[in-house]
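Trainee: This is the structure I have questions about; it appears just below.
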There are 2 protein chains.
Amino acid sequence: MSGGNQNSTKQIGKQSVCFQNPPYILSAGNIVGKKEGQGPLAEFFDIILEDDLAGKKTWEEAESEIMNQATAKALEKADLKSKDIRFLVGGDLLGQLIATSFGVAGYEIPHIGIYGACSTMGEAMAVAAMLVDGGFAERTIAVTSSHFAGAEKQFRFPLDYGNQRPKTASWTVTGSGAVVIGSEASRKQTDLNFRITEATIGKIMDYGIKDSMNMGAAMAPAACDTIACHLSDFNREPDYYDKIITGDLGSVGKEILLELLKAKGYDISSVYMDCGIEIYDSESQDTHSGGSGCGCSAVTLTGYVFKQMSEGVWNRVLFVPTGALLSTVSFNEGNAVPGIAHAVVIRNSNG
Amino acid sequence: MSGGNQNSTKQIGKQSVCFQNPPYILSAGNIVGKKEGQGPLAEFFDIILEDDLAGKKTWEEAESEIMNQATAKALEKADLKSKDIRFLVGGDLLGQLIATSFGVAGYEIPHIGIYGACSTMGEAMAVAAMLVDGGFAERTIAVTSSHFAGAEKQFRFPLDYGNQRPKTASWTVTGSGAVVIGSEASRKQTDLNFRITEATIGKIMDYGIKDSMNMGAAMAPAACDTIACHLSDFNREPDYYDKIITGDLGSVGKEILLELLKAKGYDISSVYMDCGIEIYDSESQDTHSGGSGCGCSAVTLTGYVFKQMSEGVWNRVLFVPTGALLSTVSFNEGNAVPGIAHAVVIRNSNG
């Protein structure tokens with residue numbers, strides 16, 4: 001059924017959108033924990049914590065604080081005040097999004113809370129860009145965070161318990177990344193020069209994975225589905241992109257994704273990168289399958305990826321944060337962990 | 001700072017939007033639990049459960065099932081299949097939105113998970129309408145749910161514990177409501193004839209309320225802020241609306257809201273209604289302050305309110321679901337419960 005909407009050129013294929021006036025990424029800010037600041041991407045981060053409590057008394061308050069700081073940094077870089085932002089679109093992994101609620105309340109920006117597990121940065125950027133291109137906002141902020149200690153405490157074991165981690169386990173990134181997204185008219189010459197041109201909203205994929213220590217396997221089918229739908233919706237081959245970047249599949253999920261996509265006729269191996277694999281040195285940092293969490297893709301994008309794009313090394317990037325819809329309640333009741341992934345196309349305007 | 005966006009007529013005042021081609025509500029579906037089916041609004045619900053487990057083994061699975069059924073009912077009434085829906089925008093109160101993830105995964109509709117506590121239905125409808133008016137979707141579904149037993153278990157005490165409830169406590173509604181929102185071109189003559197014409201996105205308001213048994217007091221300042229901003233953004237008086245309808249302030253929150261708004265110069269008492277007060281008979285149903293939960297406003301809107309609008313009793317409604325951003329983690333760590341409220345204007349096209 002087609003309704004003949006006058007804007008139907010914005011609706012592509014089954015689940016993708018193409019922006020009419022592609023919004024700009026005006027600025028980005030990020031902050032990471034001590035461990036991430038000792039990893040291979042250290043030089044690309046704005047702020048590195050010396051203490052993962054960030055001067056607070058609890059891990060949850062620390063996560064709120066880092067989201068606050070990432071947001072402040074993004075605003076500062078674009079020389080904007082919170083009143084210049086019409087909507088903040090953000091979320092985190094904690095129950096009821098408390099890191100976000102407490103982290104950004106002080107900005108008094110009209111708030112759209114979202115949840116897509118570790119895919120949240122993709123969801124946030126896609127929604128924030130649709131609100132700008134739809135004409136509902138001049139500028140929005142998309143922001144997410146995660147915190148290793150808070151996430152382990154909530155989803156697995158408190159750190160003090162000292163449990164063993166299997167090789168399939170990933171390491172939740174302590175970090176937060178924020179991007180200011182605005183219309184062409186809102187861009188200043190000193191701002192970043194990237195545009196969000198297309199997006200593909202993912203479906204919930206449940207492949208029956210029941211191991212909370214193997215999130216890569218839970219998320220890989222969702223990443224496969226979203227990437228394959230994206231390429232199909234736009235009739236593109238993988239090498240159309242300089243990089244196809246998943247959020248936090250890690251080394252286990254990566255192999256599954258490449259296999260699954262091959263079975264669908266897509267070989268993305270030559271352009272593929274996973275933020276979770278890049279952010280730690282797996283040899284020296286004992287992070288097993290790699291980094292994960294809402295913060296993982298957010299800080300890698302706003303740090304490493306944006307740097308490569310600024311330098312023209314990459315000009316067309318498909319950013320696909322991946323989420324495992326894990327909850328201790330459903331998990332303890334024996335349910336599987338469904339996955340979801342959202343894709344956002346970011347282009348260098350100079351490229 | 002104004003950016004001169006060509007769509008700037010869609011941006012009203014500080015935090016409101018005005019739709020250019022106001023999306024239609026094409027259909028709505030709802031389902032409630034046994035207790036809600038014994039209350040004063042019983043005749044307005046599509047499905048009333050005989051057993052709140054809905055044939056499932058856990059409360060969480062039951063909540064997923066009712067969301068599934070509300071969505072199915074909304075699709076059925078508009079004679080649509082899931083493939084006719086471009087995006088589903090939905091959420092619930094449980095950690096990591098598991099009621100939603102498991103409830104709607106089977107539809108395979110591209111998924112935008114959102115969280116605004118009990119304000120979620122307002123957030124869902126506002127976002128879903130922006131995506132339609134922005135040209136990114138012909139049709140979307142906005143859906144939320146809550147379940148008394150699942151919510152009590154998560155946020156307060158398991159039911160078996162038999163704790164006493166103070167008079168300020170509200171009773172989480174077991175129920176789910178879904179609306180299909182579409183462009184004018186997508187509407188059939190047999191569909192509902194309501195339009196979403198404006199929306200106001202709320203800010204996070206923290207007044208320091210620390211009593212999880214008094215959510216009305218936590219949410220009232222947010223409801224006040226959103227309603228006052230809405231009236232100010234559009235330069236309207238309360239009697240512009242036939243009804244101003246909050247989600248679940250209950251009898252305690254209602255009094256606070258009316259006082260707070262009076263202090264800002266707005267007397268809404270003659271047009272005011274709260275879904276939480278309407279859904280139960282406080283005398284005979286022992287629900288104390290009233291109903292609450294994401295499902296409360298969703299089923300009251302799609303049941304009672306839409307019936308009044310269909311019959312032309314009300315033609316202009318300001319629907320303001322109210323959310324308490326309560327999490328057991330932050331609550332047990334001594335933090336307050338911030339509130340948020342989002343407002344959506346629904347008009348009878350015939351009116």
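Just so we're on the same page: first chain in the structure tokens is A, next is B, and so on; residues restart at 1 for each chain, and ligands are numbered from 1 in the order they show up.
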Could you please write out, as JSON, numbers by chain, every residue of range 93-274 of chain B that DSSP assigns to strand (DSSP E or B)?
Mentor: {"B": [111, 112, 113, 114, 116, 118, 139, 140, 141, 142, 143, 144, 145, 146, 171, 172, 175, 176, 177, 178, 179, 180, 181, 182, 194, 195, 196, 197, 198, 199, 200, 205, 243, 244, 245, 246, 272, 273, 274]}
Trainee: Please list as a PyMOL selection string every residue within 12 Å of His288 in chain B, counting only C-alpha atoms and excluding residues in the same chain fewer than 5 positions away.
Mentor: chain B and resi 164-172+213-214+216+249-252+276-277+280-283
Trainee: Give the residues of chain B that lie within 6 Å of chain A; count only C-alpha atoms, and format the answer as an MDAnalysis selection string.
Mentor: chainID B and resid 3 7 10:11 95:96 105 108:111 113:116 134:136 185:186 201:204 327
Trainee: So what do you get for CA of Gly37 in chain B versus CA of Ile66 in chain B, distance-wise?
Mentor: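 Computing the Euclidean distance for CA of Gly37 in chain B and CA of Ile66 in chain B yields 14.0 Å.
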Trainee: Per DSSP on the backbone, what are the helix (DSSP H, G or I) residues of range 212-281 of chain B, as a PDB file with N, CA, C and O atoms, in the first residue's frame?
Mentor:
ATOM      1  N   MET B 215       4.077   9.094  43.601  1.00  0.00           N
ATOM      2  CA  MET B 215       4.520   9.476  42.263  1.00  0.00           C
ATOM      3  C   MET B 215       3.768  10.694  41.734  1.00  0.00           C
ATOM      4  O   MET B 215       4.287  11.445  40.913  1.00  0.00           O
ATOM      5  N   GLY B 216       2.556  10.906  42.215  1.00  0.00           N
ATOM      6  CA  GLY B 216       1.792  12.076  41.774  1.00  0.00           C
ATOM      7  C   GLY B 216       2.535  13.365  42.083  1.00  0.00           C
ATOM      8  O   GLY B 216       2.618  14.273  41.257  1.00  0.00           O
ATOM      9  N   ALA B 217       3.124  13.419  43.278  1.00  0.00           N
ATOM     10  CA  ALA B 217       3.868  14.614  43.677  1.00  0.00           C
ATOM     11  C   ALA B 217       5.140  14.775  42.844  1.00  0.00           C
ATOM     12  O   ALA B 217       5.570  15.893  42.557  1.00  0.00           O
ATOM     13  N   ALA B 218       5.747  13.645  42.445  1.00  0.00           N
ATOM     14  CA  ALA B 218       6.971  13.719  41.636  1.00  0.00           C
ATOM     15  C   ALA B 218       6.671  14.212  40.221  1.00  0.00           C
ATOM     16  O   ALA B 218       7.490  14.896  39.607  1.00  0.00           O
ATOM     17  N   MET B 219       5.490  13.870  39.719  1.00  0.00           N
ATOM     18  CA  MET B 219       5.167  14.188  38.325  1.00  0.00           C
ATOM     19  C   MET B 219       4.473  15.536  38.145  1.00  0.00           C
ATOM     20  O   MET B 219       4.526  16.125  37.061  1.00  0.00           O
ATOM     21  N   ALA B 220       3.793  16.018  39.185  1.00  0.00           N
ATOM     22  CA  ALA B 220       2.992  17.241  39.039  1.00  0.00           C
ATOM     23  C   ALA B 220       3.813  18.438  38.542  1.00  0.00           C
ATOM     24  O   ALA B 220       3.354  19.173  37.654  1.00  0.00           O
ATOM     25  N   PRO B 221       5.032  18.667  39.052  1.00  0.00           N
ATOM     26  CA  PRO B 221       5.798  19.819  38.544  1.00  0.00           C
ATOM     27  C   PRO B 221       6.120  19.697  37.055  1.00  0.00           C
ATOM     28  O   PRO B 221       6.137  20.699  36.332  1.00  0.00           O
ATOM     29  N   ALA B 222       6.359  18.465  36.585  1.00  0.00           N
ATOM     30  CA  ALA B 222       6.634  18.268  35.159  1.00  0.00           C
ATOM     31  C   ALA B 222       5.378  18.527  34.339  1.00  0.00           C
ATOM     32  O   ALA B 222       5.435  19.161  33.274  1.00  0.00           O
ATOM     33  N   ALA B 223       4.235  18.050  34.835  1.00  0.00           N
ATOM     34  CA  ALA B 223       2.974  18.307  34.127  1.00  0.00           C
ATOM     35  C   ALA B 223       2.711  19.806  34.060  1.00  0.00           C
ATOM     36  O   ALA B 223       2.322  20.347  33.018  1.00  0.00           O
ATOM     37  N   CYS B 224       2.947  20.476  35.171  1.00  0.00           N
ATOM     38  CA  CYS B 224       2.754  21.932  35.217  1.00  0.00           C
ATOM     39  C   CYS B 224       3.646  22.616  34.199  1.00  0.00           C
ATOM     40  O   CYS B 224       3.194  23.471  33.431  1.00  0.00           O
ATOM     41  N   ASP B 225       4.920  22.229  34.182  1.00  0.00           N
ATOM     42  CA  ASP B 225       5.865  22.886  33.278  1.00  0.00           C
ATOM     43  C   ASP B 225       5.459  22.691  31.826  1.00  0.00           C
ATOM     44  O   ASP B 225       5.465  23.643  31.031  1.00  0.00           O
ATOM     45  N   THR B 226       5.096  21.469  31.462  1.00  0.00           N
ATOM     46  CA  THR B 226       4.749  21.189  30.065  1.00  0.00           C
ATOM     47  C   THR B 226       3.450  21.892  29.663  1.00  0.00           C
ATOM     48  O   THR B 226       3.359  22.473  28.572  1.00  0.00           O
ATOM     49  N   ILE B 227       2.436  21.833  30.534  1.00  0.00           N
ATOM     50  CA  ILE B 227       1.157  22.481  30.201  1.00  0.00           C
ATOM     51  C   ILE B 227       1.341  24.002  30.097  1.00  0.00           C
ATOM     52  O   ILE B 227       0.868  24.638  29.150  1.00  0.00           O
ATOM     53  N   ALA B 228       2.060  24.586  31.053  1.00  0.00           N
ATOM     54  CA  ALA B 228       2.275  26.036  31.019  1.00  0.00           C
ATOM     55  C   ALA B 228       3.086  26.432  29.789  1.00  0.00           C
ATOM     56  O   ALA B 228       2.775  27.420  29.115  1.00  0.00           O
ATOM     57  N   CYS B 229       4.138  25.668  29.468  1.00  0.00           N
ATOM     58  CA  CYS B 229       4.933  25.963  28.269  1.00  0.00           C
ATOM     59  C   CYS B 229       4.079  25.837  27.025  1.00  0.00           C
ATOM     60  O   CYS B 229       4.184  26.658  26.102  1.00  0.00           O
ATOM     61  N   HIS B 230       3.250  24.804  26.990  1.00  0.00           N
ATOM     62  CA  HIS B 230       2.384  24.602  25.825  1.00  0.00           C
ATOM     63  C   HIS B 230       1.448  25.801  25.635  1.00  0.00           C
ATOM     64  O   HIS B 230       1.351  26.357  24.529  1.00  0.00           O
ATOM     65  N   LEU B 231       0.762  26.180  26.697  1.00  0.00           N
ATOM     66  CA  LEU B 231      -0.189  27.296  26.591  1.00  0.00           C
ATOM     67  C   LEU B 231       0.533  28.584  26.220  1.00  0.00           C
ATOM     68  O   LEU B 231       0.048  29.385  25.412  1.00  0.00           O
ATOM     69  N   SER B 232       1.726  28.763  26.778  1.00  0.00           N
ATOM     70  CA  SER B 232       2.511  29.952  26.479  1.00  0.00           C
ATOM     71  C   SER B 232       3.038  29.926  25.044  1.00  0.00           C
ATOM     72  O   SER B 232       2.939  30.919  24.310  1.00  0.00           O
ATOM     73  N   ASP B 233       3.586  28.776  24.614  1.00  0.00           N
ATOM     74  CA  ASP B 233       4.126  28.666  23.252  1.00  0.00           C
ATOM     75  C   ASP B 233       3.065  29.006  22.210  1.00  0.00           C
ATOM     76  O   ASP B 233       3.361  29.637  21.189  1.00  0.00           O
ATOM     77  N   PRO B 238      -6.479  27.966  28.931  1.00  0.00           N
ATOM     78  CA  PRO B 238      -6.894  26.569  29.143  1.00  0.00           C
ATOM     79  C   PRO B 238      -8.213  26.212  28.461  1.00  0.00           C
ATOM     80  O   PRO B 238      -8.359  25.105  27.930  1.00  0.00           O
ATOM     81  N   ASP B 239      -9.178  27.161  28.440  1.00  0.00           N
ATOM     82  CA  ASP B 239     -10.487  26.794  27.881  1.00  0.00           C
ATOM     83  C   ASP B 239     -10.482  26.709  26.355  1.00  0.00           C
ATOM     84  O   ASP B 239     -11.530  26.476  25.740  1.00  0.00           O
ATOM     85  N   TYR B 240      -9.306  26.925  25.738  1.00  0.00           N
ATOM     86  CA  TYR B 240      -9.172  26.621  24.315  1.00  0.00           C
ATOM     87  C   TYR B 240      -9.471  25.141  24.081  1.00  0.00           C
ATOM     88  O   TYR B 240      -9.962  24.743  23.030  1.00  0.00           O
ATOM     89  N   GLY B 250      -3.159  11.153  39.572  1.00  0.00           N
ATOM     90  CA  GLY B 250      -3.975  10.682  40.691  1.00  0.00           C
ATOM     91  C   GLY B 250      -4.498  11.853  41.505  1.00  0.00           C
ATOM     92  O   GLY B 250      -4.276  13.029  41.180  1.00  0.00           O
ATOM     93  N   SER B 251      -5.214  11.522  42.575  1.00  0.00           N
ATOM     94  CA  SER B 251      -5.889  12.570  43.350  1.00  0.00           C
ATOM     95  C   SER B 251      -4.884  13.458  44.085  1.00  0.00           C
ATOM     96  O   SER B 251      -5.130  14.652  44.268  1.00  0.00           O
ATOM     97  N   VAL B 252      -3.739  12.911  44.468  1.00  0.00           N
ATOM     98  CA  VAL B 252      -2.726  13.722  45.159  1.00  0.00           C
ATOM     99  C   VAL B 252      -2.042  14.666  44.180  1.00  0.00           C
ATOM    100  O   VAL B 252      -1.945  15.878  44.406  1.00  0.00           O
ATOM    101  N   GLY B 253      -1.592  14.110  43.052  1.00  0.00           N
ATOM    102  CA  GLY B 253      -0.904  14.928  42.061  1.00  0.00           C
ATOM    103  C   GLY B 253      -1.803  15.973  41.434  1.00  0.00           C
ATOM    104  O   GLY B 253      -1.354  17.076  41.094  1.00  0.00           O
ATOM    105  N   LYS B 254      -3.066  15.632  41.288  1.00  0.00           N
ATOM    106  CA  LYS B 254      -4.025  16.576  40.689  1.00  0.00           C
ATOM    107  C   LYS B 254      -4.070  17.889  41.458  1.00  0.00           C
ATOM    108  O   LYS B 254      -3.988  18.973  40.877  1.00  0.00           O
ATOM    109  N   GLU B 255      -4.204  17.783  42.769  1.00  0.00           N
ATOM    110  CA  GLU B 255      -4.299  18.992  43.603  1.00  0.00           C
ATOM    111  C   GLU B 255      -3.029  19.823  43.488  1.00  0.00           C
ATOM    112  O   GLU B 255      -3.080  21.050  43.409  1.00  0.00           O
ATOM    113  N   ILE B 256      -1.882  19.132  43.462  1.00  0.00           N
ATOM    114  CA  ILE B 256      -0.609  19.861  43.349  1.00  0.00           C
ATOM    115  C   ILE B 256      -0.532  20.568  41.999  1.00  0.00           C
ATOM    116  O   ILE B 256      -0.157  21.739  41.907  1.00  0.00           O
ATOM    117  N   LEU B 257      -0.905  19.850  40.935  1.00  0.00           N
ATOM    118  CA  LEU B 257      -0.856  20.447  39.594  1.00  0.00           C
ATOM    119  C   LEU B 257      -1.735  21.691  39.505  1.00  0.00           C
ATOM    120  O   LEU B 257      -1.295  22.734  38.993  1.00  0.00           O
ATOM    121  N   LEU B 258      -2.975  21.577  40.004  1.00  0.00           N
ATOM    122  CA  LEU B 258      -3.890  22.724  39.905  1.00  0.00           C
ATOM    123  C   LEU B 258      -3.322  23.927  40.657  1.00  0.00           C
ATOM    124  O   LEU B 258      -3.381  25.064  40.178  1.00  0.00           O
ATOM    125  N   GLU B 259      -2.720  23.676  41.827  1.00  0.00           N
ATOM    126  CA  GLU B 259      -2.094  24.755  42.610  1.00  0.00           C
ATOM    127  C   GLU B 259      -0.920  25.387  41.865  1.00  0.00           C
ATOM    128  O   GLU B 259      -0.791  26.604  41.782  1.00  0.00           O
ATOM    129  N   LEU B 260      -0.043  24.507  41.340  1.00  0.00           N
ATOM    130  CA  LEU B 260       1.158  25.004  40.656  1.00  0.00           C
ATOM    131  C   LEU B 260       0.787  25.833  39.435  1.00  0.00           C
ATOM    132  O   LEU B 260       1.390  26.877  39.165  1.00  0.00           O
ATOM    133  N   LEU B 261      -0.219  25.372  38.681  1.00  0.00           N
ATOM    134  CA  LEU B 261      -0.619  26.116  37.486  1.00  0.00           C
ATOM    135  C   LEU B 261      -1.284  27.435  37.851  1.00  0.00           C
ATOM    136  O   LEU B 261      -1.119  28.438  37.149  1.00  0.00           O
ATOM    137  N   LYS B 262      -2.026  27.444  38.955  1.00  0.00           N
ATOM    138  CA  LYS B 262      -2.652  28.697  39.405  1.00  0.00           C
ATOM    139  C   LYS B 262      -1.586  29.733  39.704  1.00  0.00           C
ATOM    140  O   LYS B 262      -1.724  30.912  39.370  1.00  0.00           O
ATOM    141  N   ALA B 263      -0.494  29.268  40.320  1.00  0.00           N
ATOM    142  CA  ALA B 263       0.604  30.180  40.654  1.00  0.00           C
ATOM    143  C   ALA B 263       1.244  30.757  39.396  1.00  0.00           C
ATOM    144  O   ALA B 263       1.889  31.807  39.435  1.00  0.00           O
ATOM    145  N   CYS B 275      -6.353  10.656  33.746  1.00  0.00           N
ATOM    146  CA  CYS B 275      -6.700   9.265  33.409  1.00  0.00           C
ATOM    147  C   CYS B 275      -6.642   8.371  34.645  1.00  0.00           C
ATOM    148  O   CYS B 275      -7.465   7.471  34.811  1.00  0.00           O
ATOM    149  N   GLY B 276      -5.660   8.625  35.507  1.00  0.00           N
ATOM    150  CA  GLY B 276      -5.508   7.800  36.706  1.00  0.00           C
ATOM    151  C   GLY B 276      -6.682   7.897  37.654  1.00  0.00           C
ATOM    152  O   GLY B 276      -6.981   6.948  38.390  1.00  0.00           O
ATOM    153  N   ILE B 277      -7.349   9.047  37.655  1.00  0.00           N
ATOM    154  CA  ILE B 277      -8.521   9.207  38.532  1.00  0.00           C
ATOM    155  C   ILE B 277      -9.752   8.547  37.904  1.00  0.00           C
ATOM    156  O   ILE B 277     -10.590   7.984  38.601  1.00  0.00           O
ATOM    157  N   GLU B 278      -9.834   8.584  36.584  1.00  0.00           N
ATOM    158  CA  GLU B 278     -11.028   8.062  35.894  1.00  0.00           C
ATOM    159  C   GLU B 278     -11.097   6.548  35.837  1.00  0.00           C
ATOM    160  O   GLU B 278     -12.183   5.970  35.811  1.00  0.00           O
TER     161      GLU B 278
END
Trainee: Please provide the set of residues having any atom within 6 Å of Cys294 in chain B, restricted to only C-alpha atoms, with same-chain residues fewer than 5 positions apart removed, written as a list in words.
Mentor: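 After dropping sequence-adjacent residues, the list is Cys118, Thr144, Ser145 and Ser146 of chain B.
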Trainee: Tell me which protein, DNA and RNA residues are within 7 Å of Val299 in chain B, counting only C-alpha atoms, leaving out same-chain ones fewer than 3 positions away, and put them as a PyMOL selection string.
Mentor: chain B and resi 30+175-177+295-296+302-303
